$ cat final09.cif   # mmCIF, C-alpha atoms
data_coords
loop_
_atom_site.label_atom_id
_atom_site.label_comp_id
_atom_site.auth_asym_id
_atom_site.auth_seq_id
_atom_site.Cartn_x
_atom_site.Cartn_y
_atom_site.Cartn_z
CA MET A 234 -3.71 -34.65 -16.79
CA ALA A 235 -1.58 -31.89 -15.19
CA SER A 236 -3.38 -29.63 -12.79
CA SER A 237 -3.94 -26.09 -13.84
CA PRO A 238 -1.80 -23.32 -12.39
CA SER A 239 -4.79 -21.90 -10.53
CA ARG A 240 -5.17 -25.20 -8.64
CA ARG A 241 -1.47 -25.47 -7.84
CA VAL A 242 -1.05 -21.91 -6.57
CA SER A 243 -2.13 -21.41 -2.98
CA LEU A 244 -4.27 -18.43 -2.01
CA MET A 245 -1.50 -17.50 0.43
CA TYR A 246 0.84 -16.64 -2.47
CA GLY A 247 -1.60 -14.02 -3.76
CA ALA A 248 -2.35 -12.84 -0.23
CA ALA A 249 1.41 -12.38 0.28
CA VAL A 250 1.53 -10.17 -2.82
CA VAL A 251 -1.36 -8.06 -1.50
CA MET A 252 0.16 -7.85 1.98
CA SER A 253 3.62 -6.97 0.72
CA THR A 254 2.28 -4.20 -1.49
CA ALA A 255 0.01 -2.74 1.20
CA VAL A 256 2.02 -3.09 4.42
CA GLY A 257 4.82 -0.56 4.34
CA VAL A 258 4.64 3.06 5.33
CA GLY A 259 1.37 2.37 7.16
CA MET A 260 3.23 0.74 10.05
CA MET A 261 5.11 3.99 10.58
CA SER A 262 2.34 6.50 9.80
CA LEU A 263 -0.92 5.07 11.17
CA PRO A 264 -0.10 5.25 14.91
CA ILE A 265 0.91 8.88 14.43
CA VAL A 266 -2.09 10.05 12.36
CA SER A 267 -4.49 8.12 14.63
CA ILE A 268 -3.50 10.00 17.78
CA GLY A 269 -6.30 12.53 17.37
CA MET A 270 -9.16 10.04 17.05
CA TRP A 271 -7.48 7.29 19.13
CA PHE A 272 -8.24 3.57 19.10
CA SER A 273 -12.01 3.11 18.76
CA LEU A 274 -12.40 5.41 15.76
CA SER A 275 -9.22 3.96 14.25
CA LEU A 276 -11.02 0.62 14.03
CA VAL A 277 -13.93 2.30 12.22
CA VAL A 278 -11.58 3.91 9.67
CA LEU A 279 -9.63 0.67 9.26
CA ALA A 280 -12.80 -1.29 8.48
CA ALA A 281 -14.16 1.39 6.12
CA THR A 282 -10.84 1.58 4.25
CA ALA A 283 -10.61 -2.20 3.92
CA PHE A 284 -14.08 -2.35 2.34
CA TYR A 285 -13.25 0.60 0.10
CA VAL A 286 -10.03 -0.85 -1.33
CA LEU A 287 -11.64 -4.31 -1.65
CA ALA A 288 -14.55 -2.82 -3.59
CA SER A 289 -12.35 -0.69 -5.87
CA GLY A 290 -10.08 -3.67 -6.55
CA SER A 291 -13.08 -5.85 -7.30
CA LEU A 292 -14.38 -3.28 -9.80
CA LEU A 293 -10.98 -3.23 -11.52
CA LEU A 294 -10.97 -7.03 -11.67
CA GLU A 295 -14.52 -7.06 -13.06
CA VAL A 296 -13.52 -4.81 -15.95
CA ASN A 297 -10.18 -6.54 -16.48
CA MET A 298 -11.92 -9.90 -16.95
CA LYS A 299 -13.51 -8.54 -20.16
CA TYR A 300 -10.08 -7.98 -21.72
CA PRO A 301 -7.26 -10.34 -22.68
CA ILE A 302 -5.09 -11.49 -19.78
CA GLY A 303 -2.26 -9.05 -19.17
CA THR A 304 -4.30 -5.97 -20.10
CA GLY A 305 -3.44 -3.06 -17.82
CA ILE A 306 -5.40 -0.18 -16.33
CA HIS A 307 -4.24 2.24 -19.03
CA SER A 308 -5.78 0.21 -21.86
CA MET A 309 -9.06 -0.23 -20.00
CA VAL A 310 -9.41 3.47 -19.12
CA ARG A 311 -8.45 4.53 -22.65
CA ASP A 312 -10.90 2.10 -24.25
CA LEU A 313 -13.84 2.90 -21.98
CA VAL A 314 -13.64 6.60 -21.11
CA GLY A 315 -11.24 8.03 -23.70
CA SER A 316 -7.64 9.11 -24.19
CA LYS A 317 -7.89 12.29 -22.09
CA HIS A 318 -8.97 10.33 -19.04
CA ALA A 319 -6.28 7.76 -19.80
CA LEU A 320 -3.65 10.51 -19.77
CA ILE A 321 -4.87 11.80 -16.39
CA CYS A 322 -4.93 8.28 -14.96
CA ASP A 323 -1.44 7.61 -16.36
CA CYS A 324 -0.03 10.74 -14.73
CA MET A 325 -1.62 9.87 -11.37
CA MET A 326 -0.49 6.25 -11.39
CA ILE A 327 3.05 6.90 -12.63
CA PHE A 328 3.57 9.81 -10.23
CA ASN A 329 2.29 7.71 -7.32
CA GLY A 330 4.47 4.73 -8.23
CA PHE A 331 7.68 6.68 -8.84
CA ILE A 332 7.36 8.71 -5.64
CA LEU A 333 6.91 5.55 -3.58
CA LEU A 334 9.85 3.80 -5.27
CA TYR A 335 11.95 6.94 -4.79
CA ALA A 336 11.20 6.80 -1.05
CA TYR A 337 11.74 3.03 -0.77
CA ILE A 338 15.10 3.14 -2.56
CA THR A 339 16.27 5.94 -0.25
CA VAL A 340 15.34 3.94 2.87
CA GLY A 341 16.71 0.71 1.36
CA THR A 342 20.02 2.40 0.57
CA GLU A 343 20.40 3.42 4.21
CA ALA A 344 19.63 -0.15 5.30
CA VAL A 345 22.34 -1.59 3.01
CA GLN A 346 24.87 0.89 4.42
CA PHE A 347 23.82 0.06 7.99
CA TYR A 348 24.05 -3.73 7.68
CA ILE A 349 27.31 -3.75 5.70
CA GLY A 350 28.84 -1.39 8.27
CA LYS A 351 27.54 -3.50 11.15
CA PHE A 352 28.82 -6.86 9.90
CA THR A 353 32.01 -5.82 8.07
CA ASP A 354 33.05 -2.51 9.68
CA TYR A 355 33.25 -1.12 6.16
CA GLU A 356 31.53 2.18 5.35
CA LEU A 357 29.95 1.67 1.95
CA ASN A 358 29.48 4.69 -0.29
CA ARG A 359 25.81 5.75 -0.58
CA TYR A 360 25.89 5.51 -4.39
CA PHE A 361 27.16 1.92 -4.36
CA ALA A 362 24.67 1.03 -1.62
CA GLY A 363 21.81 2.39 -3.74
CA LEU A 364 22.98 0.47 -6.80
CA LEU A 365 23.33 -2.71 -4.73
CA PHE A 366 19.83 -2.41 -3.25
CA ALA A 367 18.15 -1.60 -6.58
CA GLY A 368 20.14 -4.23 -8.49
CA VAL A 369 19.69 -7.17 -6.12
CA PHE A 370 16.09 -6.66 -5.05
CA GLY A 371 15.01 -4.99 -8.25
CA ALA A 372 15.85 -8.17 -10.16
CA ILE A 373 13.07 -9.99 -8.32
CA PHE A 374 10.14 -8.15 -9.90
CA TYR A 375 11.42 -8.86 -13.42
CA THR A 376 10.71 -12.57 -12.91
CA ILE A 377 7.44 -14.44 -13.50
CA PRO A 378 4.51 -13.91 -11.08
CA ILE A 379 4.88 -17.23 -9.23
CA THR A 380 8.57 -16.51 -8.54
CA ILE A 381 7.76 -13.01 -7.30
CA SER A 382 5.02 -14.35 -5.03
CA ARG A 383 7.41 -16.95 -3.55
CA PHE A 384 10.05 -14.34 -2.78
CA LEU A 385 7.40 -12.12 -1.24
CA SER A 386 6.09 -15.02 0.84
CA VAL A 387 9.54 -15.42 2.38
CA PHE A 388 9.88 -11.69 3.06
CA VAL A 389 6.37 -11.53 4.50
CA LEU A 390 7.22 -14.47 6.78
CA LEU A 391 10.33 -12.67 8.06
CA MET A 392 8.34 -9.48 8.50
CA SER A 393 5.58 -11.36 10.35
CA LEU A 394 8.03 -13.10 12.69
CA SER A 395 9.69 -9.81 13.63
CA PHE A 396 6.27 -8.21 14.05
CA VAL A 397 5.11 -11.01 16.36
CA SER A 398 8.29 -10.66 18.43
CA ILE A 399 7.83 -6.89 18.82
CA VAL A 400 4.15 -7.22 19.70
CA TYR A 401 4.88 -10.05 22.16
CA GLU A 402 7.45 -7.96 24.04
CA LEU A 403 5.31 -4.82 24.11
CA SER A 404 2.02 -6.57 24.93
CA PHE A 405 3.05 -7.22 28.55
CA SER A 406 2.91 -3.51 29.31
CA VAL A 407 -0.42 -2.75 27.59
CA GLU A 408 -2.86 -0.88 29.86
CA VAL A 409 -6.53 -1.06 28.95
CA ASN A 410 -7.19 2.37 30.48
CA ASN A 411 -4.86 3.97 27.92
CA ILE A 412 -7.08 2.58 25.17
CA ILE A 413 -10.57 3.29 26.50
CA GLU A 414 -10.22 6.43 28.66
CA PRO A 415 -9.81 8.96 25.79
CA ALA A 416 -13.04 7.71 24.21
CA ILE A 417 -14.95 7.97 27.51
CA GLU A 418 -13.54 11.43 28.24
CA HIS A 419 -14.65 12.70 24.81
CA ASP A 420 -18.32 11.64 24.80
CA TYR A 421 -17.56 8.04 23.83
CA SER A 422 -15.43 9.13 20.84
CA PHE A 423 -18.00 11.58 19.43
CA GLY A 424 -15.80 14.45 20.55
CA LEU A 425 -12.91 12.96 18.56
CA LEU A 426 -14.83 12.62 15.28
CA PRO A 427 -13.26 15.69 13.58
CA PHE A 428 -9.84 14.00 13.79
CA LEU A 429 -11.19 10.98 11.90
CA PHE A 430 -11.16 12.85 8.58
CA VAL A 431 -7.49 13.77 8.95
CA SER A 432 -6.53 10.09 8.95
CA LEU A 433 -8.56 8.90 5.93
CA PRO A 434 -5.93 9.45 3.18
CA PHE A 435 -3.20 7.82 5.28
CA PHE A 436 -5.25 4.68 5.88
CA MET A 437 -6.06 4.53 2.15
CA ALA A 438 -2.37 4.81 1.25
CA ALA A 439 -1.54 2.14 3.84
CA MET A 440 -3.85 -0.42 2.18
CA GLY A 441 -3.29 0.20 -1.51
CA TYR A 442 -2.60 -2.84 -3.68
CA GLN A 443 -4.73 -2.36 -6.83
CA GLN A 444 -1.77 -2.10 -9.21
CA VAL A 445 -1.02 -5.83 -8.83
CA ILE A 446 -4.48 -7.03 -9.96
CA PRO A 447 -3.35 -7.88 -13.54
CA MET A 448 -0.51 -9.92 -12.04
CA LEU A 449 -2.88 -11.75 -9.69
CA ARG A 450 -5.18 -12.60 -12.58
CA GLN A 451 -2.21 -14.14 -14.38
CA LEU A 452 -1.05 -15.91 -11.23
CA TYR A 453 -4.43 -17.62 -10.79
CA ASP A 454 -4.84 -18.54 -14.46
CA ASP A 455 -7.75 -16.23 -15.26
CA LYS A 456 -9.93 -17.37 -12.32
CA PRO A 457 -11.49 -14.18 -10.88
CA ARG A 458 -13.05 -15.77 -7.80
CA ARG A 459 -9.68 -17.11 -6.68
CA VAL A 460 -8.22 -13.67 -7.28
CA ILE A 461 -10.85 -11.92 -5.15
CA ARG A 462 -10.47 -14.53 -2.40
CA CYS A 463 -6.73 -13.99 -2.20
CA ILE A 464 -7.31 -10.21 -2.14
CA ALA A 465 -9.85 -10.55 0.68
CA LEU A 466 -7.48 -12.83 2.60
CA GLY A 467 -4.57 -10.44 2.10
CA LEU A 468 -6.59 -7.40 3.19
CA GLY A 469 -7.89 -9.32 6.19
CA LEU A 470 -4.34 -10.08 7.30
CA VAL A 471 -3.26 -6.49 6.65
CA SER A 472 -6.18 -5.20 8.75
CA PHE A 473 -5.34 -7.60 11.57
CA ILE A 474 -1.69 -6.50 11.59
CA TYR A 475 -2.65 -2.84 11.73
CA LEU A 476 -5.24 -3.49 14.46
CA VAL A 477 -2.76 -5.31 16.70
CA TRP A 478 -0.08 -2.69 16.01
CA LEU A 479 -2.37 0.18 17.00
CA LEU A 480 -3.53 -1.73 20.09
CA VAL A 481 0.03 -2.32 21.30
CA ILE A 482 1.27 1.21 20.58
CA MET A 483 -1.74 2.99 22.09
CA GLY A 484 -1.98 0.60 25.02
CA ASN A 485 1.57 1.35 26.10
CA GLN A 486 1.20 5.09 26.58
CA SER A 487 -1.56 7.61 27.06
CA ARG A 488 -2.99 9.78 24.31
CA ASP A 489 -1.71 12.90 26.08
CA ALA A 490 1.82 11.45 26.23
CA MET A 491 1.81 10.67 22.52
CA ILE A 492 0.48 14.14 21.68
CA SER A 493 3.27 15.71 23.76
CA SER A 494 5.88 13.52 22.06
CA VAL A 495 4.69 14.41 18.55
CA SER A 496 4.35 18.09 19.45
CA ALA A 497 7.97 18.03 20.62
CA GLY A 498 9.07 16.92 17.14
CA LYS A 499 9.32 13.18 17.83
CA ASP A 500 6.81 12.44 15.10
CA ASN A 501 8.05 9.08 13.81
CA ILE A 502 7.24 5.56 14.93
CA GLU A 503 10.84 4.76 15.90
CA ASN A 504 10.71 7.50 18.56
CA VAL A 505 7.30 6.30 19.74
CA VAL A 506 8.58 2.74 20.17
CA GLU A 507 11.74 4.02 21.85
CA THR A 508 9.69 5.83 24.49
CA ILE A 509 7.76 2.69 25.44
CA SER A 510 10.70 0.29 25.43
CA GLN A 511 14.34 0.83 26.33
CA SER A 512 15.32 -2.66 25.13
CA ASP A 513 18.01 -2.70 22.45
CA ASP A 514 16.57 -5.97 21.16
CA ILE A 515 13.21 -4.31 20.51
CA LYS A 516 14.89 -1.41 18.73
CA SER A 517 16.87 -3.83 16.51
CA LEU A 518 13.73 -5.83 15.73
CA MET A 519 11.91 -2.60 14.94
CA PHE A 520 14.57 -1.54 12.46
CA PHE A 521 14.58 -4.98 10.82
CA PHE A 522 10.78 -5.01 10.63
CA VAL A 523 10.67 -1.57 9.00
CA GLN A 524 13.23 -2.68 6.41
CA MET A 525 11.26 -5.85 5.60
CA ALA A 526 8.08 -3.79 5.23
CA VAL A 527 9.87 -1.36 2.90
CA LEU A 528 11.44 -4.18 0.89
CA THR A 529 8.19 -6.05 0.31
CA SER A 530 6.37 -2.86 -0.63
CA PHE A 531 9.23 -1.91 -2.97
CA ILE A 532 8.86 -5.17 -4.91
CA GLY A 533 5.05 -5.04 -5.00
CA VAL A 534 4.84 -1.39 -6.08
CA ALA A 535 7.63 -1.83 -8.64
CA LYS A 536 5.93 -4.85 -10.20
CA GLY A 537 2.62 -2.97 -10.42
CA LEU A 538 4.32 0.05 -11.99
CA LEU A 539 6.23 -2.17 -14.42
CA ASP A 540 3.00 -3.78 -15.61
CA TYR A 541 1.41 -0.35 -15.97
CA LEU A 542 4.29 1.18 -17.93
CA THR A 543 4.50 -1.89 -20.14
CA ASP A 544 0.81 -1.53 -20.95
CA VAL A 545 1.15 2.21 -21.70
CA LEU A 546 4.33 2.07 -23.77
CA SER A 547 3.53 -1.07 -25.76
CA SER A 548 -0.19 -0.57 -26.43
CA HIS A 549 -0.25 3.18 -26.99
CA TYR A 550 3.24 4.13 -28.16
CA LYS A 551 4.21 0.75 -29.67
CA LEU A 552 7.55 0.79 -27.86
CA SER A 553 9.54 -2.21 -26.72
CA THR A 554 8.98 -3.45 -23.18
CA ARG A 555 12.64 -2.83 -22.44
CA TYR A 556 11.88 0.88 -21.97
CA ALA A 557 9.46 0.10 -19.17
CA LYS A 558 11.90 -2.33 -17.55
CA VAL A 559 14.70 0.24 -17.56
CA SER A 560 12.71 3.30 -16.50
CA VAL A 561 10.85 1.70 -13.60
CA LEU A 562 14.12 1.38 -11.66
CA LEU A 563 16.44 3.89 -13.27
CA LEU A 564 14.41 7.08 -12.74
CA PRO A 565 13.68 6.65 -8.99
CA LEU A 566 17.25 5.40 -8.45
CA ILE A 567 18.74 8.52 -10.06
CA LEU A 568 16.44 10.77 -8.02
CA SER A 569 17.27 8.92 -4.81
CA LEU A 570 21.03 9.16 -5.34
CA ALA A 571 20.92 12.80 -6.44
CA PHE A 572 18.31 14.08 -3.95
CA PRO A 573 17.95 11.48 -1.16
CA TYR A 574 15.05 13.16 0.65
CA GLY A 575 13.52 15.15 -2.17
CA PHE A 576 10.53 12.78 -2.15
CA LEU A 577 9.34 14.38 1.10
CA VAL A 578 8.24 17.44 -0.87
CA ALA A 579 6.05 15.45 -3.26
CA ILE A 580 4.89 12.47 -1.21
CA GLY A 581 2.02 14.48 0.28
CA PHE A 582 0.46 14.54 -3.18
CA ALA A 583 0.84 10.77 -3.66
CA GLY A 584 -2.37 10.11 -1.72
CA LEU A 585 -4.28 12.47 -3.98
CA ALA A 586 -2.96 10.65 -7.03
CA GLY A 587 -3.82 7.29 -5.46
CA ALA A 588 -7.43 8.29 -4.81
CA MET A 589 -7.77 9.18 -8.50
CA TRP A 590 -6.27 6.15 -10.22
CA ALA A 591 -7.21 3.53 -7.60
CA GLY A 592 -10.65 4.87 -6.66
CA VAL A 593 -12.25 7.26 -9.12
CA TYR A 594 -11.23 5.47 -12.31
CA PRO A 595 -12.13 1.91 -11.23
CA ALA A 596 -15.64 3.18 -10.46
CA LEU A 597 -15.94 5.11 -13.72
CA ILE A 598 -14.75 2.33 -16.00
CA ALA A 599 -16.91 -0.24 -14.19
CA MET A 600 -20.02 1.88 -14.75
CA LYS A 601 -19.11 2.43 -18.40
CA SER A 602 -18.31 -1.26 -18.93
CA ARG A 603 -21.63 -2.34 -17.44
CA LYS A 604 -23.46 0.13 -19.63
CA ASN A 605 -21.80 -1.39 -22.71
CA THR A 606 -22.54 -4.99 -21.70
CA PRO A 607 -26.06 -6.42 -21.24
CA GLU A 608 -26.60 -7.54 -17.64
CA LYS A 609 -27.49 -11.16 -18.47
CA GLU A 610 -24.47 -11.54 -20.72
CA GLU A 611 -22.22 -9.98 -18.08
CA ILE A 612 -23.37 -12.39 -15.37
CA LYS A 613 -23.06 -15.37 -17.69
CA ASN A 614 -19.63 -14.68 -19.13
CA GLY A 615 -17.72 -12.71 -16.51
CA TYR A 616 -17.23 -11.68 -12.93
CA VAL A 617 -19.55 -9.13 -11.28
CA THR A 618 -18.72 -7.21 -8.10
CA LEU A 619 -21.06 -7.68 -5.14
CA GLY A 620 -23.38 -4.78 -4.47
CA GLY A 621 -24.55 -4.28 -8.04
CA GLY A 622 -24.95 -0.71 -9.25
CA LEU A 623 -24.50 0.74 -5.75
CA THR A 624 -20.85 -0.31 -5.35
CA PRO A 625 -19.30 2.00 -8.01
CA TRP A 626 -21.18 4.98 -6.57
CA LEU A 627 -20.01 4.21 -3.04
CA VAL A 628 -16.40 3.88 -4.24
CA LEU A 629 -16.74 7.13 -6.18
CA ALA A 630 -18.22 8.98 -3.18
CA TYR A 631 -15.49 7.75 -0.81
CA SER A 632 -12.80 8.67 -3.36
CA PHE A 633 -14.10 12.23 -3.62
CA LEU A 634 -14.22 12.42 0.19
CA LEU A 635 -10.53 11.46 0.27
CA ILE A 636 -9.69 14.08 -2.35
CA LEU A 637 -11.65 16.75 -0.44
CA VAL A 638 -9.87 15.90 2.82
CA MET A 639 -6.45 16.12 1.13
CA LEU A 640 -7.28 19.46 -0.45
CA LEU A 641 -8.45 20.81 2.92
CA GLY A 642 -5.20 19.57 4.42
CA LEU A 643 -3.14 21.44 1.81
CA PHE A 644 -4.86 24.67 2.89
CA ASP A 645 -4.38 23.84 6.58
CA LEU A 646 -8.14 23.64 7.19
CA LEU A 647 -8.21 20.31 9.06
CA PRO A 648 -8.32 20.04 12.87
CA LYS A 649 -5.08 19.46 14.79
CA PHE A 650 -4.67 17.64 18.08
#

$ encode --input "final09.cif" --output "structure tokens"
Amino acid sequence: MASSPSRRVSLMYGAAVVMSTAVGVGMMSLPIVSIGMWFSLSLVVLAATAFYVLASGSLLLEVNMKYPIGTGIHSMVRDLVGSKHALICDCMMIFNGFILLYAYITVGTEAVQFYIGKFTDYELNRYFAGLLFAGVFGAIFYTIPITISRFLSVFVLLMSLSFVSIVYELSFSVEVNNIIEPAIEHDYSFGLLPFLFVSLPFFMAAMGYQQVIPMLRQLYDDKPRRVIRCIALGLGLVSFIYLVWLLVIMGNQSRDAMISSVSAGKDNIENVVETISQSDDIKSLMFFFVQMAVLTSFIGVAKGLLDYLTDVLSSHYKLSTRYAKVSVLLLPLILSLAFPYGFLVAIGFAGLAGAMWAGVYPALIAMKSRKNTPEKEEIKNGYVTLGGGLTPWLVLAYSFLLILVMLLGLFDLLPKF
């Protein structure tokens, strides 16, 4: 008898999907937003965020297992908490997805222009470069889940190899004093605690993956425990990558030096890496790594948004799936070509939207679903998140903390280093 798909598909395929969706802008943003609290507290936030996104994803999976395979977040929210909540969740999820794709297509377009110019000495028009990037790599997320996961595994491998090379070169100049002295000077990190809150939304955005849960359930043939294992493995690898990255960046220069650099307007990771290494090879690897991170996130986010739009348009509006397939690429592509950096205005609100659809609503629908299903029947027939009734409340509390921090940031009420 042929083995089932869940037995044939390695956990690494699902972990690659989680990694590719999560690892992206975090590599560029986390070293910058962590300057205030520095390394020790960064580890605390990293661990707390990993548990938070694992718990919220597990709650989504728990509810999803009570519906037919392929059911999206929209249908679950609409069924359990009503159409008004579904509309709010839809707006948050779609806004979040389109803004990220808008940003990824803009960066990907520049990469296509750069590499074509480098290898052919031909200056490709930005519009053709954008169409080429979206057409070639956009075709990947229209395929079946196992094909997507295999492509992502290759891209993740390339990203990992470049990451290892960068870390290897930079690790020789790491100074332990750069890592531990700021904590000692500020009452063993207690004096840096106010800066911790500033970083929370950025760490959450850097580890988001929840939109691919319906795809992972399909990939592992409706086996929730394999799904949650691949998620845990993926988040573990993501956390390790971020930990090593922060260690290497912060170990190569002092906190005061990084603060001075950012205050002088050099507030991107490329400038930070440039100040700690004058090697052209490192700079080239850095550029390649950033592009691989953007590409993998582009595919993961696009696939999650495609599944979501398909669920909304087909289940609620009874429209053909072709509308979802066209809009998921066409709208961000048009925005990127017409207003290349317009996403910078709106991307600050993407974290707020993410905390709503990926944190608040998983907790709410899990509580409602459990209320509708007798506990014995739920344990017997489905998958139940560890932590029992406490987990949804913890996820809900952390989500509201994220929202509060982002609102304080909008009114410039958060501490600055």

$ resolve_selection --input "final09.cif" --expression "the PyMOL selection byres ((chain A and resi 438) around 8)" --output "list in words"
Ala255, Gly259, Pro434, Phe435, Phe436, Met437, Ala439, Met440, Gly441, Gly584 and Gly587 of chain A

$ resolve_selection --input "final09.cif" --expression "the PyMOL selection byres ((chain A and resi 367) around 9)" --output "list of chain:residue names"
A:Ile338, A:Gly341, A:Thr342, A:Ala362, A:Gly363, A:Leu364, A:Leu365, A:Phe366, A:Gly368, A:Val369, A:Phe370, A:Gly371, A:Ala372, A:Leu562, A:Leu563, A:Leu566

$ resolve_selection --input "final09.cif" --expression "the PyMOL selection byres ((chain A and resi 619) around 12)" --output "list of chain:residue names"
A:Phe284, A:Leu287, A:Ala288, A:Ser289, A:Gly290, A:Ser291, A:Leu292, A:Glu295, A:Arg458, A:Ile461, A:Ile612, A:Tyr616, A:Val617, A:Thr618, A:Gly620, A:Gly621, A:Gly622, A:Leu623, A:Thr624, A:Pro625

$ closest_atom_pairs --input "final09.cif" --of "region 361-444 of chain A" --to "region 628-647 of chain A" --cutoff "7 Å" --atoms "all atoms listed in the file" --output "CSV"
residue,atom,partner,partner_atom,distance
A:Phe430,CA,A:Val638,CA,6.6
A:Val431,CA,A:Leu647,CA,6.6
A:Leu433,CA,A:Leu635,CA,6.5
A:Pro434,CA,A:Leu635,CA,5.8

$ atom_distance --input "final09.cif" --atom1 "CA of Ser316 (chain A)" --atom2 "CA of Pro447 (chain A)"
20.5 Å

$ residues_near_point --input "final09.cif" --point "(6.2, -6.6, 19.5)" --cutoff "12 Å" --atoms "all atoms listed in the file" --output "JSON, numbers by chain"
{"A": [392, 393, 394, 395, 396, 397, 398, 399, 400, 401, 402, 403, 404, 405, 406, 407, 474, 477, 478, 479, 480, 481, 482, 485, 506, 509, 510, 512, 514, 515, 516, 517, 518, 519, 522]}

$ closest_residue --input "final09.cif" --among "A:Pro573, A:Gly303, A:Gly257, A:Gly330" --to "Tyr360 (chain A)" --atoms "all atoms listed in the file"
A:Pro573

$ atom_distance --input "final09.cif" --atom1 "CA of Pro415 (chain A)" --atom2 "CA of Ile492 (chain A)"
12.2 Å

$ closest_residue --input "final09.cif" --among "A:Met309, A:Ala283, A:Val278, A:Leu627" --to "Val266 (chain A)" --atoms "all atoms listed in the file"
A:Val278

$ atom_distance --input "final09.cif" --atom1 "CA of Met325 (chain A)" --atom2 "CA of Ala586 (chain A)"
4.6 Å

$ residues_around --input "final09.cif" --residues "Glu408 (chain A)" --least-positions-apart "2" --cutoff "6 Å" --atoms "all atoms listed in the file" --output "number ranges by chain"
A: 410-411, 484

$ residues_around --input "final09.cif" --residues "region 246-251 of chain A" --least-positions-apart "3" --cutoff "7 Å" --atoms "all atoms listed in the file" --output "ChimeraX atom specification"
/A:242-243,254-255,382-383,385-386,389,442,449,463-464,466-467,533

$ closest_residue --input "final09.cif" --among "A:Ser487, A:Ser547, A:Ser472, A:Thr606" --to "Leu279 (chain A)" --atoms "all atoms listed in the file"
A:Ser472

$ residues_around --input "final09.cif" --residues "Leu597 (chain A)" --least-positions-apart "5" --cutoff "9 Å" --atoms "only C-alpha atoms" --output "ChimeraX atom specification"
/A:310,313-314,592,602,625-626,629

$ closest_residue --input "final09.cif" --among "A:Thr282, A:Ser253, A:Thr304, A:Asn297" --to "Asp544 (chain A)" --atoms "all atoms listed in the file"
A:Thr304

$ closest_residue --input "final09.cif" --among "A:Ser273, A:Gln451, A:Ser267, A:Asn605" --to "Ala416 (chain A)" --atoms "all atoms listed in the file"
A:Ser273

$ residues_around --input "final09.cif" --residues "Leu528 (chain A)" --least-positions-apart "3" --cutoff "8 Å" --atoms "all atoms listed in the file" --output "PDB file with C-alpha atoms, in the frame of the given file"
ATOM      1  CA  TYR A 337      11.740   3.030  -0.770  1.00  0.00           C
ATOM      2  CA  GLY A 341      16.710   0.710   1.360  1.00  0.00           C
ATOM      3  CA  PHE A 370      16.090  -6.660  -5.050  1.00  0.00           C
ATOM      4  CA  PHE A 388       9.880 -11.690   3.060  1.00  0.00           C
ATOM      5  CA  GLN A 524      13.230  -2.680   6.410  1.00  0.00           C
ATOM      6  CA  MET A 525      11.260  -5.850   5.600  1.00  0.00           C
ATOM      7  CA  PHE A 531       9.230  -1.910  -2.970  1.00  0.00           C
ATOM      8  CA  ILE A 532       8.860  -5.170  -4.910  1.00  0.00           C
TER       9      ILE A 532
END

$ closest_residue --input "final09.cif" --among "A:Phe331, A:Leu452, A:Tyr285, A:Gly424" --to "Thr380 (chain A)" --atoms "all atoms listed in the file"
A:Leu452

$ residues_near_point --input "final09.cif" --point "(14.8, 3.9, -15.4)" --cutoff "12 Å" --atoms "all atoms listed in the file" --output "JSON, numbers by chain"
{"A": [331, 334, 335, 367, 368, 371, 535, 538, 539, 542, 555, 556, 557, 558, 559, 560, 561, 562, 563, 564, 565, 566, 567, 568, 569]}

$ write_last_selection --input "final09.cif" --atoms "C-alpha atoms" --output "PDB file, keeping the file's coordinate frame"
ATOM      1  CA  PHE A 331       7.680   6.680  -8.840  1.00  0.00           C
ATOM      2  CA  LEU A 334       9.850   3.800  -5.270  1.00  0.00           C
ATOM      3  CA  TYR A 335      11.950   6.940  -4.790  1.00  0.00           C
ATOM      4  CA  ALA A 367      18.150  -1.600  -6.580  1.00  0.00           C
ATOM      5  CA  GLY A 368      20.140  -4.230  -8.490  1.00  0.00           C
ATOM      6  CA  GLY A 371      15.010  -4.990  -8.250  1.00  0.00           C
ATOM      7  CA  ALA A 535       7.630  -1.830  -8.640  1.00  0.00           C
ATOM      8  CA  LEU A 538       4.320   0.050 -11.990  1.00  0.00           C
ATOM      9  CA  LEU A 539       6.230  -2.170 -14.420  1.00  0.00           C
ATOM     10  CA  LEU A 542       4.290   1.180 -17.930  1.00  0.00           C
ATOM     11  CA  ARG A 555      12.640  -2.830 -22.440  1.00  0.00           C
ATOM     12  CA  TYR A 556      11.880   0.880 -21.970  1.00  0.00           C
ATOM     13  CA  ALA A 557       9.460   0.100 -19.170  1.00  0.00           C
ATOM     14  CA  LYS A 558      11.900  -2.330 -17.550  1.00  0.00           C
ATOM     15  CA  VAL A 559      14.700   0.240 -17.560  1.00  0.00           C
ATOM     16  CA  SER A 560      12.710   3.300 -16.500  1.00  0.00           C
ATOM     17  CA  VAL A 561      10.850   1.700 -13.600  1.00  0.00           C
ATOM     18  CA  LEU A 562      14.120   1.380 -11.660  1.00  0.00           C
ATOM     19  CA  LEU A 563      16.440   3.890 -13.270  1.00  0.00           C
ATOM     20  CA  LEU A 564      14.410   7.080 -12.740  1.00  0.00           C
ATOM     21  CA  PRO A 565      13.680   6.650  -8.990  1.00  0.00           C
ATOM     22  CA  LEU A 566      17.250   5.400  -8.450  1.00  0.00           C
ATOM     23  CA  ILE A 567      18.740   8.520 -10.060  1.00  0.00           C
ATOM     24  CA  LEU A 568      16.440  10.770  -8.020  1.00  0.00           C
ATOM     25  CA  SER A 569      17.270   8.920  -4.810  1.00  0.00           C
TER      26      SER A 569
END
